[in-house]
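Here the structure comes first, spelled out in C-alpha cells, and everything after it is commentary.
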Amino acid sequence: MSNQCVRIFVTGRVQGVFFRQSLKAKSIQNNIFGWVKNLQDGRVECLLEGTKENISILVEWVHQGPANAIVENVEINNEKFNNEFTKFDVLY
C-alpha cells in the first residue's frame, strides 16, 4: 500500500453547500488527513494525504460533491507525500 498526496481545486457551485464539511466527513471515514478551504475566487481547495486507494475514493467523490453542489471542474495536482498531517481540518 503506497501513500499519496494530492492538491485539488474544485470549481462550480461548491461554496455554501456544505462541501467542506462533507469532504471532512468523507476524509475521516476513509482515513485521509489534510485540509480543505474556500478560496476568494469561489473555488474550494484541499490537500489530501493517505493511501492511493483511499485518495482515489475521495477524488471520485469530489467530482460530484454533496447534494446541493454543482461541480464544473476538478483540477488534481500530485504533491510530495510528507506525512505531515495527523487529522483533517476545515480552514477558514
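Order determines the names: the first chain of the C-alpha cells is A, the second B, and so forth; residues in each chain are numbered 1 upward, and ligands are numbered 1 upward as they are shown.
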
Write down as a PyMOL selection string the residues of chain A whose backbone DSSP state falls under strand (DSSP E).
chain A and resi 3-13+33-38+44-51+70-79+88-91

Restrict the selected residues to C-alpha atoms and save them as a PDB file, in the first residue's frame.
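And here is the file that came out, out_36.pdb:
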```pdb
ATOM      1  CA  ASN A   3       0.871   6.717   0.088  1.00  0.00           C
ATOM      2  CA  GLN A   4      -0.089   9.734  -1.953  1.00  0.00           C
ATOM      3  CA  CYS A   5      -0.594  13.468  -1.538  1.00  0.00           C
ATOM      4  CA  VAL A   6      -2.816  15.491  -3.874  1.00  0.00           C
ATOM      5  CA  ARG A   7      -3.863  19.130  -4.037  1.00  0.00           C
ATOM      6  CA  ILE A   8      -7.324  19.545  -5.555  1.00  0.00           C
ATOM      7  CA  PHE A   9      -9.102  22.649  -6.805  1.00  0.00           C
ATOM      8  CA  VAL A  10     -12.862  22.321  -7.321  1.00  0.00           C
ATOM      9  CA  THR A  11     -14.804  24.813  -9.442  1.00  0.00           C
ATOM     10  CA  GLY A  12     -18.571  25.311  -9.651  1.00  0.00           C
ATOM     11  CA  ARG A  13     -21.240  25.899  -7.038  1.00  0.00           C
ATOM     12  CA  PHE A  33      -5.601  13.591   6.517  1.00  0.00           C
ATOM     13  CA  GLY A  34      -5.101  17.178   5.380  1.00  0.00           C
ATOM     14  CA  TRP A  35      -7.314  20.228   4.987  1.00  0.00           C
ATOM     15  CA  VAL A  36      -9.981  21.942   2.889  1.00  0.00           C
ATOM     16  CA  LYS A  37     -10.767  25.646   2.469  1.00  0.00           C
ATOM     17  CA  ASN A  38     -12.802  28.092   0.408  1.00  0.00           C
ATOM     18  CA  VAL A  44     -12.605  25.016  -2.969  1.00  0.00           C
ATOM     19  CA  GLU A  45      -9.016  23.853  -2.409  1.00  0.00           C
ATOM     20  CA  CYS A  46      -7.975  20.771  -0.485  1.00  0.00           C
ATOM     21  CA  LEU A  47      -4.759  18.946   0.309  1.00  0.00           C
ATOM     22  CA  LEU A  48      -5.202  15.249   0.974  1.00  0.00           C
ATOM     23  CA  GLU A  49      -2.733  12.653   2.280  1.00  0.00           C
ATOM     24  CA  GLY A  50      -3.396   8.936   2.552  1.00  0.00           C
ATOM     25  CA  THR A  51      -3.146   5.668   0.707  1.00  0.00           C
ATOM     26  CA  ILE A  70     -22.642  21.620  -8.871  1.00  0.00           C
ATOM     27  CA  VAL A  71     -19.079  20.587  -9.700  1.00  0.00           C
ATOM     28  CA  GLU A  72     -17.950  22.047 -13.018  1.00  0.00           C
ATOM     29  CA  ASN A  73     -14.230  21.264 -12.940  1.00  0.00           C
ATOM     30  CA  VAL A  74     -11.738  19.377 -10.783  1.00  0.00           C
ATOM     31  CA  GLU A  75      -8.003  20.073 -11.051  1.00  0.00           C
ATOM     32  CA  ILE A  76      -5.785  17.457  -9.388  1.00  0.00           C
ATOM     33  CA  ASN A  77      -2.082  18.010  -8.747  1.00  0.00           C
ATOM     34  CA  ASN A  78       0.171  15.341  -7.260  1.00  0.00           C
ATOM     35  CA  GLU A  79       2.399  16.626  -4.478  1.00  0.00           C
ATOM     36  CA  PHE A  88      -8.363  16.645   8.801  1.00  0.00           C
ATOM     37  CA  ASP A  89      -9.150  20.350   9.184  1.00  0.00           C
ATOM     38  CA  VAL A  90     -11.608  22.772   7.656  1.00  0.00           C
ATOM     39  CA  LEU A  91      -9.668  26.013   7.256  1.00  0.00           C
TER      40      LEU A  91
END
```

In chain A, what's alpha helix (DSSP H) per DSSP? Answer as a PyMOL selection string?
chain A and resi 19-29+52-62

I need the residues from that last selection saved to file as a PDB file, in the first residue's frame (with C-alpha atoms), if you can.
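Output file out_30.pdb is given in full below:
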```pdb
ATOM      1  CA  PHE A  19     -18.800  20.948   0.540  1.00  0.00           C
ATOM      2  CA  ARG A  20     -16.034  21.416   3.115  1.00  0.00           C
ATOM      3  CA  GLN A  21     -17.870  19.705   5.973  1.00  0.00           C
ATOM      4  CA  SER A  22     -18.948  16.840   3.715  1.00  0.00           C
ATOM      5  CA  LEU A  23     -15.384  16.407   2.434  1.00  0.00           C
ATOM      6  CA  LYS A  24     -14.098  16.372   6.008  1.00  0.00           C
ATOM      7  CA  ALA A  25     -16.575  13.634   6.992  1.00  0.00           C
ATOM      8  CA  LYS A  26     -15.713  11.583   3.887  1.00  0.00           C
ATOM      9  CA  SER A  27     -11.984  12.044   4.568  1.00  0.00           C
ATOM     10  CA  ILE A  28     -12.244  10.918   8.187  1.00  0.00           C
ATOM     11  CA  GLN A  29     -14.333   7.943   7.060  1.00  0.00           C
ATOM     12  CA  LYS A  52      -3.596   5.761  -3.055  1.00  0.00           C
ATOM     13  CA  GLU A  53      -6.689   3.596  -2.693  1.00  0.00           C
ATOM     14  CA  ASN A  54      -8.356   5.930  -0.186  1.00  0.00           C
ATOM     15  CA  ILE A  55      -7.330   9.061  -2.099  1.00  0.00           C
ATOM     16  CA  SER A  56      -8.998   7.631  -5.226  1.00  0.00           C
ATOM     17  CA  ILE A  57     -12.261   7.235  -3.272  1.00  0.00           C
ATOM     18  CA  LEU A  58     -12.103  10.916  -2.274  1.00  0.00           C
ATOM     19  CA  VAL A  59     -11.190  12.052  -5.792  1.00  0.00           C
ATOM     20  CA  GLU A  60     -14.231  10.211  -7.147  1.00  0.00           C
ATOM     21  CA  TRP A  61     -16.459  11.849  -4.513  1.00  0.00           C
ATOM     22  CA  VAL A  62     -15.056  15.342  -5.204  1.00  0.00           C
TER      23      VAL A  62
END
```

Just give me the gap between CA of Gln40 (chain A) and CA of Lys80 (chain A) in Å, one decimal is fine.
25.4 Å

In Å, how far is it from CA of Gln15 (chain A) to CA of Phe85 (chain A)?
24.1 Å

CA of Phe18 (chain A) to CA of Asp41 (chain A), distance in Å rounded to a single decimal:
17.1 Å
